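Visitor: upload10.csv is the file, holding CSV, C-alpha atoms:
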```
chain,number,residue,atom,x,y,z
A,1,MET,CA,-57.2,-89.3,5.8
A,2,LYS,CA,-59.6,-87.1,7.8
A,3,SER,CA,-58.1,-88.4,11.1
A,4,CYS,CA,-54.6,-87.7,9.9
A,5,MET,CA,-55.4,-84.1,8.9
A,6,GLU,CA,-57.2,-83.7,12.3
A,7,ARG,CA,-54.0,-84.7,14.1
A,8,ILE,CA,-52.0,-82.2,12.1
A,9,TYR,CA,-54.6,-79.4,12.7
A,10,ASN,CA,-54.8,-80.1,16.4
A,11,GLY,CA,-51.0,-80.0,16.8
A,12,ILE,CA,-50.7,-76.7,15.1
A,13,LEU,CA,-53.6,-74.9,16.6
A,14,LYS,CA,-56.0,-76.6,19.1
A,15,GLU,CA,-53.3,-78.5,21.0
A,16,ASN,CA,-50.3,-76.4,20.1
A,17,PRO,CA,-47.6,-77.6,22.6
A,18,VAL,CA,-46.3,-74.1,23.4
A,19,LEU,CA,-49.2,-71.7,23.1
A,20,VAL,CA,-51.9,-74.1,24.4
A,21,LEU,CA,-50.4,-77.0,26.4
A,22,MET,CA,-47.4,-74.9,27.7
A,23,LEU,CA,-45.0,-77.8,27.1
A,24,GLY,CA,-41.3,-77.5,26.2
A,25,MET,CA,-40.8,-74.2,27.9
A,26,CYS,CA,-37.1,-74.6,28.5
A,27,PRO,CA,-36.0,-74.6,24.8
A,28,THR,CA,-38.9,-72.2,23.9
A,29,LEU,CA,-37.6,-69.5,26.2
A,30,ALA,CA,-33.9,-70.3,25.8
A,31,VAL,CA,-33.2,-70.7,22.1
A,32,THR,CA,-35.6,-68.2,20.5
A,33,THR,CA,-33.2,-65.2,20.5
A,34,SER,CA,-33.5,-65.4,16.7
A,35,ALA,CA,-35.9,-66.8,14.1
A,36,VAL,CA,-33.2,-69.1,12.7
A,37,ASN,CA,-32.5,-70.6,16.2
A,38,GLY,CA,-36.3,-71.1,16.8
A,39,PHE,CA,-36.8,-72.7,13.4
A,40,GLY,CA,-33.8,-75.0,13.7
A,41,MET,CA,-34.8,-76.2,17.2
A,42,GLY,CA,-38.4,-76.7,16.0
A,43,VAL,CA,-37.4,-78.8,12.9
A,44,SER,CA,-35.0,-80.9,15.0
A,45,THR,CA,-37.8,-81.6,17.5
A,46,LEU,CA,-40.3,-82.3,14.7
A,47,ALA,CA,-37.9,-84.9,13.1
A,48,VAL,CA,-37.4,-86.7,16.4
A,49,LEU,CA,-41.2,-86.6,17.2
A,50,VAL,CA,-42.3,-88.1,13.9
A,51,VAL,CA,-39.7,-91.0,13.8
A,52,SER,CA,-39.9,-91.8,17.5
A,53,ASN,CA,-43.8,-91.8,17.4
A,54,LEU,CA,-43.7,-94.1,14.4
A,55,VAL,CA,-41.3,-96.6,16.0
A,56,ILE,CA,-42.9,-96.6,19.4
A,57,SER,CA,-46.3,-97.2,17.7
A,58,LEU,CA,-44.8,-100.1,15.7
A,59,LEU,CA,-43.3,-101.6,18.9
A,60,ARG,CA,-46.2,-100.7,21.3
A,61,LYS,CA,-47.4,-104.3,21.7
A,62,MET,CA,-43.8,-105.7,22.2
A,63,ILE,CA,-42.7,-103.3,25.0
A,64,PRO,CA,-43.7,-104.5,28.5
A,65,ASP,CA,-45.6,-102.0,30.5
A,66,GLN,CA,-43.0,-102.2,33.3
A,67,VAL,CA,-40.2,-100.9,31.1
A,68,ARG,CA,-42.1,-98.7,28.7
A,69,LEU,CA,-40.7,-95.4,29.8
A,70,PRO,CA,-37.0,-96.5,29.7
A,71,ALA,CA,-37.7,-98.1,26.3
A,72,TYR,CA,-39.2,-94.8,25.0
A,73,ILE,CA,-36.2,-92.9,26.3
A,74,VAL,CA,-33.7,-95.3,24.5
A,75,ILE,CA,-35.7,-95.0,21.3
A,76,VAL,CA,-35.9,-91.2,21.5
A,77,ALA,CA,-32.2,-90.8,22.5
A,78,SER,CA,-31.1,-92.9,19.5
A,79,PHE,CA,-32.9,-90.5,17.1
A,80,VAL,CA,-31.8,-87.4,18.9
A,81,THR,CA,-28.2,-88.6,18.6
A,82,VAL,CA,-28.7,-88.9,14.8
A,83,VAL,CA,-30.2,-85.5,14.6
A,84,GLU,CA,-27.4,-84.0,16.7
A,85,LEU,CA,-24.7,-85.5,14.5
A,86,LEU,CA,-26.4,-84.4,11.3
A,87,THR,CA,-26.7,-80.9,12.6
A,88,GLU,CA,-23.1,-80.8,13.7
A,89,ALA,CA,-22.0,-82.0,10.3
A,90,TYR,CA,-24.2,-80.0,8.0
A,91,VAL,CA,-25.3,-76.9,9.9
A,92,PRO,CA,-22.4,-76.2,12.3
A,93,ALA,CA,-23.4,-72.6,13.0
A,94,LEU,CA,-26.8,-73.7,14.1
A,95,TYR,CA,-25.3,-76.5,16.2
A,96,ALA,CA,-23.1,-74.0,18.0
A,97,SER,CA,-26.0,-71.7,18.6
A,98,LEU,CA,-28.3,-74.4,20.0
A,99,GLY,CA,-25.6,-76.1,22.1
A,100,ILE,CA,-26.8,-78.4,24.8
A,101,TYR,CA,-30.5,-77.9,23.8
A,102,ILE,CA,-30.2,-80.4,21.0
A,103,PRO,CA,-29.3,-83.4,23.3
A,104,LEU,CA,-31.9,-82.2,25.8
A,105,ILE,CA,-34.6,-83.0,23.2
A,106,VAL,CA,-34.4,-86.5,24.8
A,107,VAL,CA,-36.1,-85.3,27.9
A,108,ASN,CA,-38.4,-82.8,26.2
A,109,CYS,CA,-41.8,-83.4,27.8
A,110,ILE,CA,-43.5,-83.0,24.3
A,111,ILE,CA,-41.6,-86.1,23.0
A,112,LEU,CA,-42.2,-88.3,26.0
A,113,GLY,CA,-45.7,-87.0,26.5
A,114,ARG,CA,-46.8,-87.9,22.9
A,115,ALA,CA,-45.1,-91.2,23.1
A,116,GLU,CA,-47.0,-92.1,26.3
A,117,ALA,CA,-50.3,-90.4,25.5
A,118,TYR,CA,-50.7,-91.2,21.9
A,119,ALA,CA,-48.1,-93.3,20.0
A,120,SER,CA,-48.3,-96.1,22.5
A,121,LYS,CA,-52.0,-96.5,22.0
A,122,ASN,CA,-52.6,-95.8,18.3
A,123,PRO,CA,-51.6,-97.2,14.9
A,124,PRO,CA,-48.3,-96.1,13.2
A,125,LEU,CA,-49.8,-93.7,10.6
A,126,LEU,CA,-51.9,-91.7,13.0
A,127,SER,CA,-48.9,-91.6,15.5
A,128,ALA,CA,-46.6,-90.3,12.7
A,129,MET,CA,-49.2,-87.6,11.8
A,130,ASP,CA,-49.6,-86.7,15.5
A,131,GLY,CA,-45.8,-86.2,15.5
A,132,VAL,CA,-46.0,-84.0,12.4
A,133,GLY,CA,-48.8,-81.9,13.9
A,134,MET,CA,-47.1,-81.4,17.3
A,135,GLY,CA,-43.7,-80.8,15.7
A,136,ALA,CA,-45.2,-78.3,13.2
A,137,GLY,CA,-47.0,-76.5,16.0
A,138,PHE,CA,-43.8,-76.4,18.1
A,139,THR,CA,-41.8,-75.2,15.1
A,140,ILE,CA,-44.3,-72.4,14.2
A,141,ALA,CA,-44.5,-71.2,17.8
A,142,LEU,CA,-40.7,-71.1,18.2
A,143,THR,CA,-40.1,-69.4,14.9
A,144,VAL,CA,-42.7,-66.7,15.6
A,145,ILE,CA,-41.4,-66.0,19.0
A,146,GLY,CA,-37.8,-65.9,17.7
A,147,LEU,CA,-38.9,-63.7,14.8
A,148,VAL,CA,-40.6,-61.2,17.1
A,149,ARG,CA,-37.7,-61.1,19.6
A,150,GLU,CA,-35.1,-60.8,16.8
A,151,PHE,CA,-36.9,-57.9,15.1
A,152,LEU,CA,-37.7,-56.0,18.2
A,153,GLY,CA,-34.3,-56.6,19.8
A,154,ALA,CA,-32.0,-56.2,16.8
A,155,GLY,CA,-34.1,-55.0,13.9
A,156,THR,CA,-33.5,-58.0,11.8
A,157,ALA,CA,-35.5,-61.1,10.6
A,158,PHE,CA,-33.6,-64.3,9.8
A,159,GLY,CA,-30.4,-62.2,9.9
A,160,ILE,CA,-31.6,-59.7,7.3
A,161,ASP,CA,-31.8,-56.0,8.4
A,162,LEU,CA,-35.4,-54.9,7.9
A,163,ALA,CA,-35.6,-52.1,10.4
A,164,PRO,CA,-36.3,-48.5,9.2
A,165,ASP,CA,-33.8,-45.8,9.9
A,166,PHE,CA,-35.7,-44.4,12.9
A,167,PHE,CA,-36.1,-47.8,14.6
A,168,VAL,CA,-34.3,-48.2,17.9
A,169,PRO,CA,-33.7,-51.8,19.0
A,170,ILE,CA,-35.1,-52.8,22.4
A,171,ALA,CA,-32.3,-54.9,23.8
A,172,ILE,CA,-34.5,-56.6,26.5
A,173,PHE,CA,-36.2,-58.7,23.8
A,174,VAL,CA,-33.1,-60.7,23.0
A,175,LYS,CA,-32.5,-61.3,26.7
A,176,ALA,CA,-34.3,-63.7,29.0
A,177,PRO,CA,-37.2,-61.4,30.1
A,178,GLY,CA,-38.0,-60.7,26.4
A,179,ALA,CA,-38.9,-64.4,25.9
A,180,PHE,CA,-41.5,-64.3,28.7
A,181,LEU,CA,-43.0,-61.0,27.4
A,182,VAL,CA,-43.3,-62.3,23.8
A,183,LEU,CA,-44.8,-65.6,24.9
A,184,ALA,CA,-47.3,-63.9,27.1
A,185,ILE,CA,-48.3,-61.5,24.3
A,186,LEU,CA,-48.9,-64.4,21.8
A,187,ILE,CA,-51.0,-66.3,24.3
A,188,MET,CA,-53.0,-63.1,25.0
A,189,ILE,CA,-53.7,-62.8,21.3
A,190,LEU,CA,-54.7,-66.4,21.1
A,191,ASN,CA,-57.2,-65.9,23.9
A,192,ALA,CA,-58.4,-62.6,22.5
A,193,PHE,CA,-59.5,-64.3,19.3
A,194,HIS,CA,-61.3,-67.0,21.4
A,195,ILE,CA,-59.7,-69.8,19.5
A,196,LYS,CA,-61.2,-73.1,20.5
A,197,THR,CA,-58.7,-75.4,22.1
A,198,ARG,CA,-58.8,-79.1,23.1
A,199,ALA,CA,-59.2,-78.0,26.8
A,200,GLY,CA,-62.2,-76.0,25.8
A,201,ASP,CA,-63.8,-78.9,23.9
A,202,LEU,CA,-63.9,-80.9,27.1
A,203,VAL,CA,-65.9,-78.3,29.0
A,204,GLU,CA,-69.5,-77.7,28.1
A,205,GLY,CA,-70.1,-74.0,27.3
A,206,CYS,CA,-66.4,-73.1,27.1
A,207,ASP,CA,-65.6,-70.3,24.7
A,208,GLY,CA,-61.9,-71.0,24.6
A,209,CYS,CA,-60.9,-68.1,26.8
A,210,CYS,CA,-59.1,-69.8,29.7
A,211,ALA,CA,-58.1,-66.6,31.4
A,212,SER,CA,-61.6,-65.7,32.3
A,213,CYS,CA,-62.9,-69.2,33.0
A,214,SER,CA,-63.7,-70.5,36.4
A,215,LYS,CA,-64.3,-74.1,35.3
A,216,THR,CA,-61.9,-77.0,35.7
A,217,CYS,CA,-61.0,-79.0,32.6
A,218,HIS,CA,-61.0,-82.8,32.9
A,219,THR,CA,-60.3,-85.4,30.4
A,220,GLU,CA,-62.9,-88.1,29.7
A,221,LYS,CA,-60.8,-90.7,31.4
A,222,GLU,CA,-60.5,-88.6,34.5
A,223,GLU,CA,-64.3,-88.2,34.6
A,224,GLU,CA,-64.8,-91.9,34.3
```
In structure tokens, what does this structure look like?

Guide:
Amino acid sequence: MKSCMERIYNGILKENPVLVLMLGMCPTLAVTTSAVNGFGMGVSTLAVLVVSNLVISLLRKMIPDQVRLPAYIVIVASFVTVVELLTEAYVPALYASLGIYIPLIVVNCIILGRAEAYASKNPPLLSAMDGVGMGAGFTIALTVIGLVREFLGAGTAFGIDLAPDFFVPIAIFVKAPGAFLVLAILIMILNAFHIKTRAGDLVEGCDGCCASCSKTCHTEKEEE
């Protein structure tokens, strides 16, 4: 149970795929023009992560090493197709907003990265919890970025007008440059609070502030 909770905690904070590992930047920057879009993309990715991690872990001893990546892609693509069809059927407005980015979950480096780095080497329950943690971290990051961009750029939050009368929307935040600005600010806040990350744990004496660090982080396998 402790290991399962650790996987969830790591995915949300210490190994957050967006704010710490800097993975999945394409959908992160492209679809977060609103909180609803960010949340929808995050939940779709979370669902695919959990189920694909579980299935890949169950089949890890049956898939030959020579064809593991094509096999992972086939598994992930199958679940992405299911998610895409369900979104189109039940949430057509969200489906229209996200467009091509739902099918592109197949090649999201978070999905394939967790399949190769974790699900293919660990038991099903831990792999599923790893998917929950990484998916939740991805969802939270996208929702926060979308919420900040939507409020600053349009004065709304989840489509609800919350801006005071004197508020003047800053249009740049709902455009491409706004995504980079908000992402950079969130990472700056994370570093300012010196939140310990997985990278920091691997370097003796690391305070979690990567911006001012001159050390090089290596995994235990690389050191061996």

Visitor: For A:Val148, please output as a list in words all residues within 12 Å (counting all atoms listed in the file; exclusion window: fewer than 4 positions along the same chain).

Guide: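 Near neighbours after the sequence-gap exclusion: Thr32, Thr33, Ser34, Ala35, Val36, Gly38, Ala141, Leu142, Thr143, Val144, Leu152, Gly153, Ala154, Gly155, Thr156, Ala157, Phe158, Pro169, Ile170, Phe173, Val174, Gly178, Ala179, Leu181, Val182, Leu183, Ile185 and Leu186 of chain A.
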
Visitor: Write the residues you've just listed into a file as a JSON list (two decimals), keeping the file's coordinate frame, and include C-alpha atoms for each of them.

Guide:
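The file below, selection22.json, is the result:
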```json
[["chain", "number", "residue", "atom", "x", "y", "z"],
["A", 32, "THR", "CA", -35.60, -68.20, 20.50],
["A", 33, "THR", "CA", -33.20, -65.20, 20.50],
["A", 34, "SER", "CA", -33.50, -65.40, 16.70],
["A", 35, "ALA", "CA", -35.90, -66.80, 14.10],
["A", 36, "VAL", "CA", -33.20, -69.10, 12.70],
["A", 38, "GLY", "CA", -36.30, -71.10, 16.80],
["A", 141, "ALA", "CA", -44.50, -71.20, 17.80],
["A", 142, "LEU", "CA", -40.70, -71.10, 18.20],
["A", 143, "THR", "CA", -40.10, -69.40, 14.90],
["A", 144, "VAL", "CA", -42.70, -66.70, 15.60],
["A", 152, "LEU", "CA", -37.70, -56.00, 18.20],
["A", 153, "GLY", "CA", -34.30, -56.60, 19.80],
["A", 154, "ALA", "CA", -32.00, -56.20, 16.80],
["A", 155, "GLY", "CA", -34.10, -55.00, 13.90],
["A", 156, "THR", "CA", -33.50, -58.00, 11.80],
["A", 157, "ALA", "CA", -35.50, -61.10, 10.60],
["A", 158, "PHE", "CA", -33.60, -64.30, 9.80],
["A", 169, "PRO", "CA", -33.70, -51.80, 19.00],
["A", 170, "ILE", "CA", -35.10, -52.80, 22.40],
["A", 173, "PHE", "CA", -36.20, -58.70, 23.80],
["A", 174, "VAL", "CA", -33.10, -60.70, 23.00],
["A", 178, "GLY", "CA", -38.00, -60.70, 26.40],
["A", 179, "ALA", "CA", -38.90, -64.40, 25.90],
["A", 181, "LEU", "CA", -43.00, -61.00, 27.40],
["A", 182, "VAL", "CA", -43.30, -62.30, 23.80],
["A", 183, "LEU", "CA", -44.80, -65.60, 24.90],
["A", 185, "ILE", "CA", -48.30, -61.50, 24.30],
["A", 186, "LEU", "CA", -48.90, -64.40, 21.80]]
```

Visitor: Distance atom CA of A:Pro177-atom CA of A:Thr28, one decimal place?

Guide: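 Atom-to-atom, atom CA of A:Pro177 to atom CA of A:Thr28, that is 12.6 Å.
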
Visitor: Please, what distance in Å, to one decimal, runs between atom CA of A:Asn122 and atom CA of A:Val43?

Guide: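 Straight-line distance from atom CA of A:Asn122 to atom CA of A:Val43 works out to 23.4 Å.
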
Visitor: So which one's closest to A:Leu69, A:Cys26, A:Ala115, A:Leu46, A:Val31? Using only C-alpha atoms, please.

Guide: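 For A:Leu69, the nearest of the given residues is A:Ala115.
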
Visitor: Name all residues at most 9 Å from stretch 53-60 of chain A (count only C-alpha atoms; drop same-chain ones fewer than 2 positions away) and give them as an mmCIF file with C-alpha atoms, keeping the file's coordinate frame.

Guide:
```cif
data_model
loop_
_atom_site.group_PDB
_atom_site.id
_atom_site.type_symbol
_atom_site.label_atom_id
_atom_site.label_comp_id
_atom_site.auth_asym_id
_atom_site.auth_seq_id
_atom_site.Cartn_x
_atom_site.Cartn_y
_atom_site.Cartn_z
ATOM 1 C CA VAL A 48 -37.400 -86.700 16.400
ATOM 2 C CA LEU A 49 -41.200 -86.600 17.200
ATOM 3 C CA VAL A 50 -42.300 -88.100 13.900
ATOM 4 C CA VAL A 51 -39.700 -91.000 13.800
ATOM 5 C CA MET A 62 -43.800 -105.700 22.200
ATOM 6 C CA ILE A 63 -42.700 -103.300 25.000
ATOM 7 C CA PRO A 64 -43.700 -104.500 28.500
ATOM 8 C CA ARG A 68 -42.100 -98.700 28.700
ATOM 9 C CA ALA A 71 -37.700 -98.100 26.300
ATOM 10 C CA TYR A 72 -39.200 -94.800 25.000
ATOM 11 C CA ILE A 75 -35.700 -95.000 21.300
ATOM 12 C CA VAL A 76 -35.900 -91.200 21.500
ATOM 13 C CA ILE A 111 -41.600 -86.100 23.000
ATOM 14 C CA ARG A 114 -46.800 -87.900 22.900
ATOM 15 C CA ALA A 115 -45.100 -91.200 23.100
ATOM 16 C CA TYR A 118 -50.700 -91.200 21.900
ATOM 17 C CA ALA A 119 -48.100 -93.300 20.000
ATOM 18 C CA SER A 120 -48.300 -96.100 22.500
ATOM 19 C CA LYS A 121 -52.000 -96.500 22.000
ATOM 20 C CA ASN A 122 -52.600 -95.800 18.300
ATOM 21 C CA PRO A 123 -51.600 -97.200 14.900
ATOM 22 C CA PRO A 124 -48.300 -96.100 13.200
ATOM 23 C CA LEU A 125 -49.800 -93.700 10.600
ATOM 24 C CA LEU A 126 -51.900 -91.700 13.000
ATOM 25 C CA SER A 127 -48.900 -91.600 15.500
ATOM 26 C CA ALA A 128 -46.600 -90.300 12.700
ATOM 27 C CA MET A 129 -49.200 -87.600 11.800
ATOM 28 C CA ASP A 130 -49.600 -86.700 15.500
ATOM 29 C CA GLY A 131 -45.800 -86.200 15.500
#
```

Visitor: Using all atoms listed in the file, find the one residue out of A:Ala47, A:Glu6, A:Val20, A:Val74 that sits nearest to A:Gly135.

Guide: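 Of all the options, A:Ala47 lies closest to A:Gly135.
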
Visitor: Atom CA of A:Ile172 to atom CA of A:Glu150: how many Å, to one decimal?

Guide: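 Computed distance, atom CA of A:Ile172 to atom CA of A:Glu150, equals 10.6 Å.
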
Visitor: Between A:Val107, A:Ile160, A:Met22, A:Ile73, single out the one closest to A:Thr45, counting all atoms listed in the file.

Guide: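 Distance minimum relative to A:Thr45 lands on A:Val107.
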
Visitor: When you look at A:Leu94 with a cut-off of 10 Å (counting all atoms listed in the file), what residues show up, excluding the ones that are within fewer than 5 positions of it in the same chain? I need them as a PyMOL selection string.

Guide: chain A and resi 36-37+40-41+87-88+99

Visitor: Suppose we keep C-alpha atoms; can you now write the selection as a short mmCIF file (atom, residue, chain, number, x, y, z; two decimals), in the frame of the given file?

Guide:
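This went into out18.cif:
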```
data_model
loop_
_atom_site.label_atom_id
_atom_site.label_comp_id
_atom_site.auth_asym_id
_atom_site.auth_seq_id
_atom_site.Cartn_x
_atom_site.Cartn_y
_atom_site.Cartn_z
CA VAL A 36 -33.20 -69.10 12.70
CA ASN A 37 -32.50 -70.60 16.20
CA GLY A 40 -33.80 -75.00 13.70
CA MET A 41 -34.80 -76.20 17.20
CA THR A 87 -26.70 -80.90 12.60
CA GLU A 88 -23.10 -80.80 13.70
CA GLY A 99 -25.60 -76.10 22.10
#
```

Visitor: Pick out the closest residue to A:Leu23 from this set: A:Ile110, A:Ile102, A:Val168, A:Val82. Count only C-alpha atoms.

Guide: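 The closest residue to A:Leu23 is A:Ile110.
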
Visitor: Considering all atoms listed in the file, return as a PyMOL selection string whatever protein or nucleic-acid residues lie within 9 Å of A:Leu104, sequence-local ones (same chain, fewer than 3 positions apart) excluded.

Guide: chain A and resi 27+80+100-101+107-108

Visitor: May I ask you to restore N, CA and C atoms in stretch 57-72 of chain A and write the result as an mmCIF file, in the coordinates of the input?

Guide:
```cif
data_model
loop_
_atom_site.group_PDB
_atom_site.id
_atom_site.type_symbol
_atom_site.label_atom_id
_atom_site.label_comp_id
_atom_site.auth_asym_id
_atom_site.auth_seq_id
_atom_site.Cartn_x
_atom_site.Cartn_y
_atom_site.Cartn_z
ATOM 1 N N SER A 57 -45.001 -96.632 18.106
ATOM 2 C CA SER A 57 -46.300 -97.200 17.700
ATOM 3 C C SER A 57 -46.114 -98.622 17.157
ATOM 4 N N LEU A 58 -45.089 -98.804 16.336
ATOM 5 C CA LEU A 58 -44.800 -100.100 15.700
ATOM 6 C C LEU A 58 -44.470 -101.151 16.809
ATOM 7 N N LEU A 59 -43.797 -100.698 17.880
ATOM 8 C CA LEU A 59 -43.300 -101.600 18.900
ATOM 9 C C LEU A 59 -44.216 -101.639 20.154
ATOM 10 N N ARG A 60 -45.353 -100.938 20.105
ATOM 11 C CA ARG A 60 -46.200 -100.700 21.300
ATOM 12 C C ARG A 60 -46.635 -102.053 21.935
ATOM 13 N N LYS A 61 -46.866 -103.071 21.123
ATOM 14 C CA LYS A 61 -47.400 -104.300 21.700
ATOM 15 C C LYS A 61 -46.220 -105.259 22.109
ATOM 16 N N MET A 62 -44.989 -104.881 21.797
ATOM 17 C CA MET A 62 -43.800 -105.700 22.200
ATOM 18 C C MET A 62 -43.145 -105.199 23.436
ATOM 19 N N ILE A 63 -43.386 -103.935 23.793
ATOM 20 C CA ILE A 63 -42.700 -103.300 25.000
ATOM 21 C C ILE A 63 -43.531 -103.604 26.211
ATOM 22 N N PRO A 64 -42.982 -104.303 27.201
ATOM 23 C CA PRO A 64 -43.700 -104.500 28.500
ATOM 24 C C PRO A 64 -44.034 -103.240 29.169
ATOM 25 N N ASP A 65 -45.174 -103.173 29.820
ATOM 26 C CA ASP A 65 -45.600 -102.000 30.500
ATOM 27 C C ASP A 65 -44.570 -101.536 31.593
ATOM 28 N N GLN A 66 -43.921 -102.523 32.213
ATOM 29 C CA GLN A 66 -43.000 -102.200 33.300
ATOM 30 C C GLN A 66 -41.781 -101.419 32.865
ATOM 31 N N VAL A 67 -41.411 -101.555 31.603
ATOM 32 C CA VAL A 67 -40.200 -100.900 31.100
ATOM 33 C C VAL A 67 -40.482 -99.930 29.966
ATOM 34 N N ARG A 68 -41.736 -99.504 29.826
ATOM 35 C CA ARG A 68 -42.100 -98.700 28.700
ATOM 36 C C ARG A 68 -41.369 -97.364 28.624
ATOM 37 N N LEU A 69 -41.302 -96.671 29.775
ATOM 38 C CA LEU A 69 -40.700 -95.400 29.800
ATOM 39 C C LEU A 69 -39.158 -95.440 29.485
ATOM 40 N N PRO A 70 -38.408 -96.364 30.132
ATOM 41 C CA PRO A 70 -37.000 -96.500 29.700
ATOM 42 C C PRO A 70 -36.840 -96.882 28.265
ATOM 43 N N ALA A 71 -37.745 -97.711 27.763
ATOM 44 C CA ALA A 71 -37.700 -98.100 26.300
ATOM 45 C C ALA A 71 -37.925 -96.883 25.452
ATOM 46 N N TYR A 72 -38.904 -96.052 25.819
ATOM 47 C CA TYR A 72 -39.200 -94.800 25.000
ATOM 48 C C TYR A 72 -37.956 -93.920 25.026
#
```
